[in-house]
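Visitor: model-v4.csv is reproduced in full below (CSV, C-alpha atoms).
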chain,number,residue,atom,x,y,z
A,708,MET,CA,8.6,-12.2,-29.9
A,709,SER,CA,11.0,-12.0,-27.0
A,710,ASP,CA,13.6,-10.4,-29.2
A,711,HIS,CA,12.0,-7.0,-28.6
A,712,ALA,CA,14.2,-4.8,-26.5
A,713,PRO,CA,13.2,-5.0,-22.8
A,714,MET,CA,12.3,-1.3,-22.6
A,715,ASP,CA,10.2,-1.4,-19.4
A,716,SER,CA,12.6,-2.1,-16.6
A,717,HIS,CA,15.8,-0.5,-17.9
A,718,ASP,CA,14.2,2.8,-18.7
A,719,GLN,CA,14.1,3.5,-15.0
A,720,ALA,CA,17.9,3.3,-14.6
A,721,HIS,CA,18.2,7.1,-14.5
A,722,VAL,CA,16.2,7.1,-11.2
A,723,ASP,CA,19.1,7.0,-8.8
A,724,TRP,CA,19.8,6.4,-5.1
A,725,GLY,CA,19.7,10.1,-4.4
A,726,THR,CA,16.2,10.4,-5.7
A,727,TYR,CA,15.0,7.4,-3.7
A,728,LYS,CA,16.7,8.7,-0.5
A,729,TRP,CA,15.0,12.1,-0.9
A,730,VAL,CA,11.6,10.5,-1.6
A,731,ALA,CA,12.0,8.4,1.6
A,732,LEU,CA,12.9,11.4,3.6
A,733,VAL,CA,9.9,13.4,2.3
A,734,LEU,CA,7.6,10.5,3.0
A,735,PHE,CA,8.9,10.2,6.5
A,736,VAL,CA,8.7,13.9,7.3
A,737,MET,CA,5.1,14.1,5.9
A,738,THR,CA,4.1,11.1,8.1
A,739,VAL,CA,5.6,12.8,11.1
A,740,VAL,CA,3.6,16.0,10.3
A,741,GLU,CA,0.4,14.0,9.9
A,742,VAL,CA,0.8,12.4,13.3
A,743,TRP,CA,2.0,15.6,14.9
A,744,VAL,CA,-1.1,17.6,13.8
A,745,TYR,CA,-3.3,14.7,15.1
A,746,TYR,CA,-2.0,15.4,18.6
A,747,ILE,CA,-2.8,19.2,18.5
A,748,PRO,CA,-6.4,19.4,19.8
A,749,ALA,CA,-6.8,23.0,18.8
A,750,PHE,CA,-5.9,22.2,15.2
A,751,VAL,CA,-8.1,19.1,15.2
A,752,ALA,CA,-11.1,21.2,16.2
A,753,THR,CA,-10.6,23.5,13.2
A,754,PRO,CA,-12.1,22.8,9.7
A,755,TRP,CA,-8.5,22.7,8.4
A,756,PHE,CA,-7.7,19.4,10.1
A,757,VAL,CA,-9.4,17.0,7.7
A,758,PRO,CA,-8.2,18.8,4.5
A,759,THR,CA,-4.7,18.9,5.8
A,760,ILE,CA,-4.6,15.1,6.5
A,761,LEU,CA,-6.3,14.4,3.1
A,762,ILE,CA,-3.8,16.6,1.2
A,763,LEU,CA,-0.8,15.2,3.0
A,764,GLY,CA,-2.0,11.6,2.3
A,765,ALA,CA,-2.7,12.4,-1.4
A,766,ILE,CA,0.8,13.9,-1.8
A,767,LYS,CA,2.4,10.8,-0.2
A,768,PHE,CA,0.3,8.6,-2.4
A,769,ALA,CA,1.3,10.5,-5.5
A,770,ILE,CA,5.0,10.6,-4.6
A,771,VAL,CA,5.1,6.8,-4.1
A,772,VAL,CA,3.3,6.2,-7.4
A,773,MET,CA,5.4,8.6,-9.4
A,774,PHE,CA,8.9,7.8,-8.1
A,775,TYR,CA,8.8,4.3,-6.5
A,776,MET,CA,6.3,2.9,-9.0
A,777,HIS,CA,8.1,4.9,-11.8
A,778,LEU,CA,4.8,6.1,-13.3
A,779,LYS,CA,6.4,9.5,-13.8
A,780,TYR,CA,8.9,8.0,-16.2
A,781,ASP,CA,7.0,5.0,-17.5
A,782,LYS,CA,4.8,4.4,-20.6
A,783,LYS,CA,1.5,6.2,-21.0
A,784,LEU,CA,-0.4,2.9,-21.2
A,785,PHE,CA,0.6,2.0,-17.7
A,786,ARG,CA,-0.4,5.4,-16.5
A,787,ALA,CA,-3.8,5.0,-18.1
A,788,LEU,CA,-4.2,1.5,-16.6
A,789,PHE,CA,-3.7,2.9,-13.1
A,790,VAL,CA,-5.0,6.5,-13.2
A,791,GLY,CA,-8.2,5.6,-15.1
A,792,PRO,CA,-9.5,3.0,-12.6
A,793,LEU,CA,-8.2,5.1,-9.6
A,794,LEU,CA,-10.2,8.2,-10.7
A,795,ILE,CA,-13.4,6.1,-11.3
A,796,ALA,CA,-13.0,4.4,-7.9
A,797,VAL,CA,-12.5,7.7,-6.1
A,798,SER,CA,-15.5,9.2,-7.9
A,799,ILE,CA,-17.7,6.3,-6.9
A,800,LEU,CA,-16.4,6.6,-3.3
A,801,ILE,CA,-17.3,10.3,-3.2
A,802,ALA,CA,-20.6,9.7,-4.8
A,803,LEU,CA,-21.4,7.0,-2.2
A,804,LEU,CA,-20.5,9.3,0.6
A,805,PHE,CA,-22.9,11.9,-0.7
A,806,LEU,CA,-25.6,9.3,-1.3
A,807,PHE,CA,-25.3,8.0,2.3
A,808,GLY,CA,-25.2,11.4,3.8
A,809,GLN,CA,-21.5,11.4,5.0
A,810,LEU,CA,-20.8,14.4,2.8
A,811,GLY,CA,-23.0,17.3,1.7
A,812,PRO,CA,-25.7,19.4,3.3
A,813,HIS,CA,-27.0,16.6,5.7
A,814,THR,CA,-23.5,15.8,7.1
A,815,LYS,CA,-23.6,15.6,10.9
B,1166,MET,CA,13.8,-30.9,-30.8
B,1167,ALA,CA,10.3,-29.8,-29.7
B,1168,THR,CA,11.4,-30.2,-26.1
B,1169,ALA,CA,14.4,-28.0,-26.8
B,1170,ALA,CA,12.2,-25.4,-28.4
B,1171,LEU,CA,9.8,-25.4,-25.4
B,1172,ALA,CA,12.7,-25.2,-23.0
B,1173,ASP,CA,14.1,-22.2,-25.0
B,1174,ALA,CA,10.7,-20.5,-24.9
B,1175,HIS,CA,10.5,-20.9,-21.1
B,1176,ALA,CA,14.1,-20.0,-20.4
B,1177,GLY,CA,13.2,-16.8,-18.7
B,1178,GLU,CA,12.7,-14.8,-21.8
B,1179,HIS,CA,9.9,-12.2,-21.6
B,1180,HIS,CA,7.0,-11.7,-23.8
B,1181,TYR,CA,6.5,-8.4,-25.5
B,1182,THR,CA,3.2,-7.3,-27.1
B,1183,SER,CA,2.7,-5.4,-30.3
B,1184,THR,CA,3.0,-2.2,-28.3
B,1185,GLY,CA,6.6,-3.2,-27.4
B,1186,LEU,CA,5.5,-3.4,-23.8
B,1187,ASN,CA,6.0,-6.4,-21.6
B,1188,SER,CA,2.7,-8.4,-21.3
B,1189,ASN,CA,3.4,-9.3,-17.7
B,1190,LYS,CA,3.8,-5.7,-16.8
B,1191,ILE,CA,0.6,-4.7,-18.6
B,1192,ALA,CA,-1.1,-7.5,-16.6
B,1193,ILE,CA,0.1,-6.3,-13.2
B,1194,TRP,CA,-0.9,-2.7,-14.0
B,1195,ALA,CA,-4.4,-3.9,-15.0
B,1196,PHE,CA,-4.5,-6.0,-11.8
B,1197,ILE,CA,-3.5,-3.0,-9.7
B,1198,GLY,CA,-6.2,-0.9,-11.5
B,1199,SER,CA,-8.8,-3.5,-10.5
B,1200,GLU,CA,-7.5,-3.5,-7.0
B,1201,CYS,CA,-8.2,0.2,-6.8
B,1202,PHE,CA,-11.9,-0.7,-7.1
B,1203,PHE,CA,-11.6,-3.4,-4.5
B,1204,PHE,CA,-10.0,-1.2,-1.9
B,1205,ALA,CA,-12.2,1.8,-2.8
B,1206,SER,CA,-15.3,-0.4,-2.0
B,1207,LEU,CA,-13.9,-1.4,1.4
B,1208,ILE,CA,-12.9,2.1,2.3
B,1209,SER,CA,-16.2,3.6,1.2
B,1210,THR,CA,-18.0,1.0,3.3
B,1211,TYR,CA,-15.9,2.0,6.3
B,1212,LEU,CA,-16.6,5.7,5.7
B,1213,ILE,CA,-20.3,5.2,5.1
B,1214,TYR,CA,-20.7,3.4,8.5
B,1215,LYS,CA,-18.2,5.7,10.3
B,1216,GLY,CA,-19.7,7.1,13.5
B,1217,LYS,CA,-22.8,4.9,13.2
B,1218,SER,CA,-21.8,2.3,15.8
B,1219,VAL,CA,-24.4,2.1,18.6
B,1220,VAL,CA,-22.1,0.4,21.1
B,1221,GLY,CA,-18.4,0.7,21.8
B,1222,PRO,CA,-15.5,0.4,21.5
B,1223,PHE,CA,-15.2,3.5,19.3
B,1224,PRO,CA,-12.1,4.4,17.2
B,1225,HIS,CA,-11.5,8.0,18.4
B,1226,GLU,CA,-13.9,8.5,21.4
B,1227,ALA,CA,-13.9,7.2,24.9
B,1228,TRP,CA,-16.7,4.6,25.7
B,1229,THR,CA,-18.3,3.0,28.7
B,1230,ASN,CA,-17.9,-0.8,29.0
B,1231,PRO,CA,-21.4,-2.0,29.8
B,1232,ALA,CA,-20.1,-5.1,31.6
B,1233,THR,CA,-17.9,-3.3,34.1
B,1234,GLY,CA,-19.2,0.3,33.9
B,1235,LYS,CA,-15.7,1.5,33.4
B,1236,VAL,CA,-14.9,4.4,31.0
B,1237,MET,CA,-12.4,3.1,28.4
B,1238,PRO,CA,-10.2,5.2,26.1
B,1239,ALA,CA,-10.5,5.3,22.3
B,1240,ILE,CA,-9.4,2.0,20.9
B,1241,LEU,CA,-7.0,3.1,18.1
B,1242,ASN,CA,-3.4,3.1,19.1
B,1243,ILE,CA,-1.9,5.9,16.9
B,1244,PRO,CA,1.7,5.6,18.1
B,1245,VAL,CA,1.9,1.9,17.3
B,1246,THR,CA,0.2,2.3,13.9
B,1247,SER,CA,2.6,5.2,13.1
B,1248,MET,CA,5.5,2.9,13.7
B,1249,SER,CA,4.0,0.2,11.5
B,1250,THR,CA,3.3,2.9,8.8
B,1251,PHE,CA,7.0,4.0,9.0
B,1252,VAL,CA,8.1,0.4,8.6
B,1253,LEU,CA,6.0,-0.1,5.5
B,1254,LEU,CA,7.2,3.2,4.0
B,1255,MET,CA,10.8,2.1,4.5
B,1256,SER,CA,10.0,-1.3,3.0
B,1257,SER,CA,9.1,0.6,-0.3
B,1258,LEU,CA,12.6,2.2,-0.2
B,1259,PHE,CA,14.2,-1.2,0.3
B,1260,MET,CA,12.2,-2.6,-2.6
B,1261,VAL,CA,13.4,0.1,-5.1
B,1262,LEU,CA,16.9,-0.5,-3.9
B,1263,ALA,CA,16.5,-4.3,-4.4
B,1264,HIS,CA,15.2,-3.7,-7.9
B,1265,ALA,CA,18.1,-1.3,-8.7
B,1266,ALA,CA,20.5,-3.9,-7.4
B,1267,VAL,CA,19.0,-6.6,-9.7
B,1268,VAL,CA,19.1,-4.2,-12.7
B,1269,ARG,CA,22.8,-3.6,-12.3
B,1270,GLY,CA,23.5,-7.3,-11.5
B,1271,ASP,CA,24.6,-6.8,-7.9
B,1272,ARG,CA,23.8,-10.2,-6.4
B,1273,LYS,CA,25.0,-9.2,-2.9
B,1274,TYR,CA,22.8,-6.2,-2.5
B,1275,SER,CA,19.8,-7.7,-4.3
B,1276,LYS,CA,19.7,-10.4,-1.6
B,1277,ILE,CA,20.2,-7.8,1.2
B,1278,TRP,CA,17.5,-5.5,0.0
B,1279,LEU,CA,15.0,-8.2,-0.8
B,1280,LEU,CA,15.5,-9.7,2.6
B,1281,ALA,CA,15.1,-6.2,4.2
B,1282,THR,CA,11.9,-5.7,2.3
B,1283,ALA,CA,10.5,-9.1,3.3
B,1284,LEU,CA,11.5,-8.5,7.0
B,1285,ALA,CA,9.9,-5.0,7.0
B,1286,GLY,CA,6.7,-6.6,5.5
B,1287,ALA,CA,6.7,-9.3,8.2
B,1288,THR,CA,7.3,-6.6,10.9
B,1289,PHE,CA,4.3,-4.7,9.6
B,1290,LEU,CA,2.2,-7.9,9.9
B,1291,GLY,CA,3.5,-8.4,13.4
B,1292,PHE,CA,2.3,-4.9,14.3
B,1293,GLN,CA,-1.1,-5.7,12.8
B,1294,ALA,CA,-1.3,-9.0,14.7
B,1295,PHE,CA,-0.5,-7.1,17.9
B,1296,GLU,CA,-3.2,-4.5,17.1
B,1297,PHE,CA,-5.9,-7.1,16.3
B,1298,THR,CA,-5.1,-9.1,19.4
B,1299,SER,CA,-5.2,-6.1,21.7
B,1300,PHE,CA,-8.5,-5.0,20.1
B,1301,VAL,CA,-10.1,-8.4,20.7
B,1302,HIS,CA,-8.8,-8.3,24.4
B,1303,GLU,CA,-10.4,-4.8,24.7
B,1304,GLY,CA,-13.8,-6.2,23.5
B,1305,LEU,CA,-13.7,-5.3,19.8
B,1306,GLY,CA,-14.5,-8.2,17.5
B,1307,LEU,CA,-15.7,-8.6,13.9
B,1308,THR,CA,-19.3,-8.6,15.0
B,1309,THR,CA,-19.2,-6.2,18.0
B,1310,ASN,CA,-20.3,-3.1,16.1
B,1311,LEU,CA,-20.2,-1.4,12.7
B,1312,PHE,CA,-16.7,-0.1,13.4
B,1313,GLY,CA,-15.4,-3.5,14.2
B,1314,SER,CA,-16.9,-5.1,11.1
B,1315,THR,CA,-15.7,-2.5,8.6
B,1316,PHE,CA,-12.3,-2.0,10.3
B,1317,PHE,CA,-11.4,-5.6,10.5
B,1318,VAL,CA,-12.5,-6.4,6.9
B,1319,LEU,CA,-10.6,-3.4,5.5
B,1320,THR,CA,-7.4,-3.8,7.4
B,1321,GLY,CA,-7.6,-7.6,7.3
B,1322,PHE,CA,-7.8,-7.6,3.5
B,1323,HIS,CA,-4.9,-5.2,3.4
B,1324,GLY,CA,-2.9,-7.5,5.7
B,1325,ALA,CA,-3.7,-10.4,3.4
B,1326,HIS,CA,-2.3,-8.5,0.5
B,1327,VAL,CA,0.9,-7.7,2.6
B,1328,THR,CA,1.1,-11.4,3.4
B,1329,ALA,CA,0.9,-12.3,-0.3
B,1330,GLY,CA,3.6,-9.7,-1.0
B,1331,VAL,CA,5.9,-11.1,1.7
B,1332,LEU,CA,5.5,-14.6,0.2
B,1333,TRP,CA,6.3,-13.2,-3.3
B,1334,LEU,CA,9.4,-11.5,-1.9
B,1335,VAL,CA,10.6,-14.7,-0.1
B,1336,THR,CA,10.1,-16.6,-3.4
B,1337,LEU,CA,12.3,-14.1,-5.2
B,1338,LEU,CA,14.9,-14.3,-2.4
B,1339,PHE,CA,14.9,-18.1,-2.7
B,1340,ILE,CA,15.5,-17.8,-6.5
B,1341,ASP,CA,18.2,-15.3,-5.8
B,1342,TYR,CA,20.0,-17.7,-3.5
B,1343,LYS,CA,19.5,-20.7,-5.8
B,1344,ARG,CA,20.6,-19.3,-9.1
B,1345,GLY,CA,21.0,-15.5,-8.6
B,1346,LEU,CA,18.8,-12.7,-10.0
B,1347,GLY,CA,20.4,-10.8,-12.8
B,1348,PRO,CA,19.4,-8.0,-15.2
B,1349,ARG,CA,17.3,-10.4,-17.3
B,1350,ASP,CA,15.1,-11.0,-14.2
B,1351,ALA,CA,14.7,-7.3,-13.6
B,1352,ILE,CA,11.2,-7.2,-15.1
B,1353,ASN,CA,10.0,-10.0,-12.7
B,1354,VAL,CA,11.4,-8.1,-9.7
B,1355,ASP,CA,9.8,-4.9,-11.1
B,1356,ILE,CA,6.4,-6.6,-11.2
B,1357,CYS,CA,6.7,-7.7,-7.6
B,1358,ALA,CA,7.9,-4.2,-6.7
B,1359,LEU,CA,4.8,-2.6,-8.3
B,1360,TYR,CA,2.6,-4.9,-6.3
B,1361,TRP,CA,4.5,-4.1,-3.1
B,1362,HIS,CA,4.3,-0.3,-3.7
B,1363,PHE,CA,0.6,-0.5,-4.4
B,1364,VAL,CA,0.1,-2.3,-1.0
B,1365,ASP,CA,2.1,0.6,0.5
B,1366,VAL,CA,-0.1,3.4,-1.2
B,1367,VAL,CA,-3.2,1.6,0.0
B,1368,TRP,CA,-1.9,1.8,3.5
B,1369,ILE,CA,-1.2,5.5,3.1
B,1370,ALA,CA,-4.9,6.0,2.3
B,1371,ILE,CA,-6.0,3.7,5.1
B,1372,PHE,CA,-3.7,5.4,7.7
B,1373,ALA,CA,-5.1,8.9,6.8
B,1374,LEU,CA,-8.8,8.0,6.4
B,1375,VAL,CA,-9.2,5.4,9.2
B,1376,TYR,CA,-6.6,6.2,11.8
B,1377,LEU,CA,-6.0,10.0,11.6
B,1378,ILE,CA,-9.3,11.5,10.5
B,1379,ARG,CA,-11.7,11.6,13.5
Using structure tokens, write down the structure from this file.
Guide:
Amino acid sequence: MSDHAPMDSHDQAHVDWGTYKWVALVLFVMTVVEVWVYYIPAFVATPWFVPTILILGAIKFAIVVMFYMHLKYDKKLFRALFVGPLLIAVSILIALLFLFGQLGPHTK
Amino acid sequence: MATAALADAHAGEHHYTSTGLNSNKIAIWAFIGSECFFFASLISTYLIYKGKSVVGPFPHEAWTNPATGKVMPAILNIPVTSMSTFVLLMSSLFMVLAHAAVVRGDRKYSKIWLLATALAGATFLGFQAFEFTSFVHEGLGLTTNLFGSTFFVLTGFHGAHVTAGVLWLVTLLFIDYKRGLGPRDAINVDICALYWHFVDVVWIAIFALVYLIR
């Protein structure tokens, strides 16, 4: 059984130091932008603040999952095992926020 | 003979399923998928009770201490948490470099990067200990208000996951020092790395939803 080629870990060899370095730099810059906009009261007061933070967070999340967790290059089964539960969990979270009035027409 | 066969079976060889994929790696991805539900439940609880605390301290608004009558600032310390977020993000970089070193059989750098990852994780935990301690000194405990309950449970469970990750990394580091980690161990380091990166992405979500969004 263990004679099968170990195709999981070594498939990722083509992801090099340059990619990791750029990913780290992008994550750092995006975190700086997140914190920077937090300290601009005029921007925080606009309806764009929350979507900006959510989009920046979602992009950072996706970058780590795709490049550091290698899901961009890895097998479809692993992608399904992560993305499936993640989508269900996020859907439940959003449904609960609507149900308890944190989102939707009754939001304060 | 049976002992020899058993020893051979456990000599570090990896088990591959009929899909050709490593069973341990399938297991860690299934575990990470289940963890999505776990953290989503904690985050949704935090968000549902957000802004519903009757008494302070509050995360983003000033509050009046009923005991002293003094107006206190918002309790979240964004500069400190930004630093700890940066440390955790960098730990993910160190982790991929540790994995890359193990894959190419570079024993010197595998030790260096594994140690750097473990130290970054421990530093993050130090920041969290500082934050929790300062909150308690400012009057926010687990039962003070809804914010305290949901905040400490969410970030506390995340901290527990980071602690488990640091212990896992230290174990790998110990093995590296004892017999050296080589390309045949890459899958084991990869599994640890997946867990570590997941802990990192959970923090990315917590930092945005709890600390930055008012």
Visitor: Tell me, as a VMD selection string, which residues lie within 12 Å of Gly764 of chain A, counting all atoms listed in the file; anything in the same chain fewer than 3 positions away does not count.
Guide: (chain A and resid 734 to 735 737 to 742 757 to 761 767 to 771) or (chain B and resid 1365 to 1378)
Visitor: Which of these residues is nearest to Thr726 of chain A, using all atoms listed in the file: A:Met773, A:Leu810, A:Ala802, A:Ile747?
Guide: A:Met773
Visitor: Can I get the residues of chain B within 7 Å of chain A, each with the closest pair of atoms and their distance in Å to one decimal, using only C-alpha atoms, sorted chain first then ascending number, as a tab-separated table?
Guide:
residue	atom	partner	partner_atom	distance
B:Glu1178	CA	A:Ser709	CA	6.1
B:His1179	CA	A:Ser709	CA	5.5
B:His1180	CA	A:Ser709	CA	5.1
B:Tyr1181	CA	A:Ser709	CA	6.0
B:Gly1185	CA	A:His711	CA	6.7
B:Leu1186	CA	A:Asp715	CA	6.7
B:Asn1187	CA	A:Asp715	CA	6.9
B:Ile1191	CA	A:Phe785	CA	6.8
B:Trp1194	CA	A:Leu788	CA	5.9
B:Ala1195	CA	A:Leu788	CA	5.6
B:Ile1197	CA	A:Phe789	CA	6.8
B:Gly1198	CA	A:Phe789	CA	4.8
B:Ser1199	CA	A:Pro792	CA	6.9
B:Cys1201	CA	A:Leu793	CA	5.6
B:Phe1202	CA	A:Ala796	CA	5.3
B:Ala1205	CA	A:Ala796	CA	5.8
B:Ser1209	CA	A:Leu800	CA	5.4
B:Ile1213	CA	A:Leu804	CA	6.1
B:Phe1251	CA	A:Phe735	CA	6.9
B:Leu1258	CA	A:Ala731	CA	6.5
B:Val1261	CA	A:Tyr775	CA	6.4
B:Ala1351	CA	A:Ser716	CA	6.4
B:Ile1352	CA	A:Ser716	CA	5.5
B:Asp1355	CA	A:Ser716	CA	6.8
B:Leu1359	CA	A:Met776	CA	5.7
B:His1362	CA	A:Met776	CA	6.5
B:Val1366	CA	A:Phe768	CA	5.4
B:Ile1369	CA	A:Gly764	CA	6.2
B:Ala1370	CA	A:Gly764	CA	6.3
B:Ala1373	CA	A:Gly764	CA	6.1
B:Leu1377	CA	A:Tyr745	CA	6.5
B:Ile1378	CA	A:Val757	CA	6.2
Visitor: Which of these residues is nearest to Phe1204 of chain B, using all atoms listed in the file: B:Thr1182, B:Thr1309, B:Thr1320, B:Ser1314?
Guide: B:Thr1320
Visitor: Env of segment 1278-1291 of chain B: 8 Å cut, atoms = all atoms listed in the file, seq-sep filter 6 positions within chain, self excluded. Answer as a PDB file with C-alpha atoms, in the coordinates of the input.
Guide:
ATOM      1  CA  SER B1249       4.000   0.200  11.500  1.00  0.00           C
ATOM      2  CA  THR B1250       3.300   2.900   8.800  1.00  0.00           C
ATOM      3  CA  VAL B1252       8.100   0.400   8.600  1.00  0.00           C
ATOM      4  CA  LEU B1253       6.000  -0.100   5.500  1.00  0.00           C
ATOM      5  CA  MET B1255      10.800   2.100   4.500  1.00  0.00           C
ATOM      6  CA  SER B1256      10.000  -1.300   3.000  1.00  0.00           C
ATOM      7  CA  SER B1257       9.100   0.600  -0.300  1.00  0.00           C
ATOM      8  CA  PHE B1259      14.200  -1.200   0.300  1.00  0.00           C
ATOM      9  CA  MET B1260      12.200  -2.600  -2.600  1.00  0.00           C
ATOM     10  CA  LEU B1262      16.900  -0.500  -3.900  1.00  0.00           C
ATOM     11  CA  ALA B1263      16.500  -4.300  -4.400  1.00  0.00           C
ATOM     12  CA  GLY B1324      -2.900  -7.500   5.700  1.00  0.00           C
ATOM     13  CA  VAL B1327       0.900  -7.700   2.600  1.00  0.00           C
ATOM     14  CA  THR B1328       1.100 -11.400   3.400  1.00  0.00           C
ATOM     15  CA  GLY B1330       3.600  -9.700  -1.000  1.00  0.00           C
ATOM     16  CA  VAL B1331       5.900 -11.100   1.700  1.00  0.00           C
ATOM     17  CA  LEU B1334       9.400 -11.500  -1.900  1.00  0.00           C
ATOM     18  CA  VAL B1335      10.600 -14.700  -0.100  1.00  0.00           C
ATOM     19  CA  LEU B1337      12.300 -14.100  -5.200  1.00  0.00           C
ATOM     20  CA  LEU B1338      14.900 -14.300  -2.400  1.00  0.00           C
TER      21      LEU B1338
END
Visitor: What's the separation between atom CA of Leu1346 of chain B and atom CA of Lys783 of chain A, in Å to one decimal place?
Guide: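 That distance, rounded to one decimal, is 27.9 Å.
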Visitor: How many Å separate atom CA of Glu1303 of chain B from atom CA of Asn1230 of chain B?
Guide: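 Between atom CA of Glu1303 of chain B and atom CA of Asn1230 of chain B the gap works out to 9.5 Å.
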Visitor: What is the distance between atom CA of Leu1254 of chain B and atom CA of Phe1203 of chain B, in Å to one decimal?
Guide: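 Atom-to-atom, atom CA of Leu1254 of chain B and atom CA of Phe1203 of chain B are spaced 21.7 Å apart.
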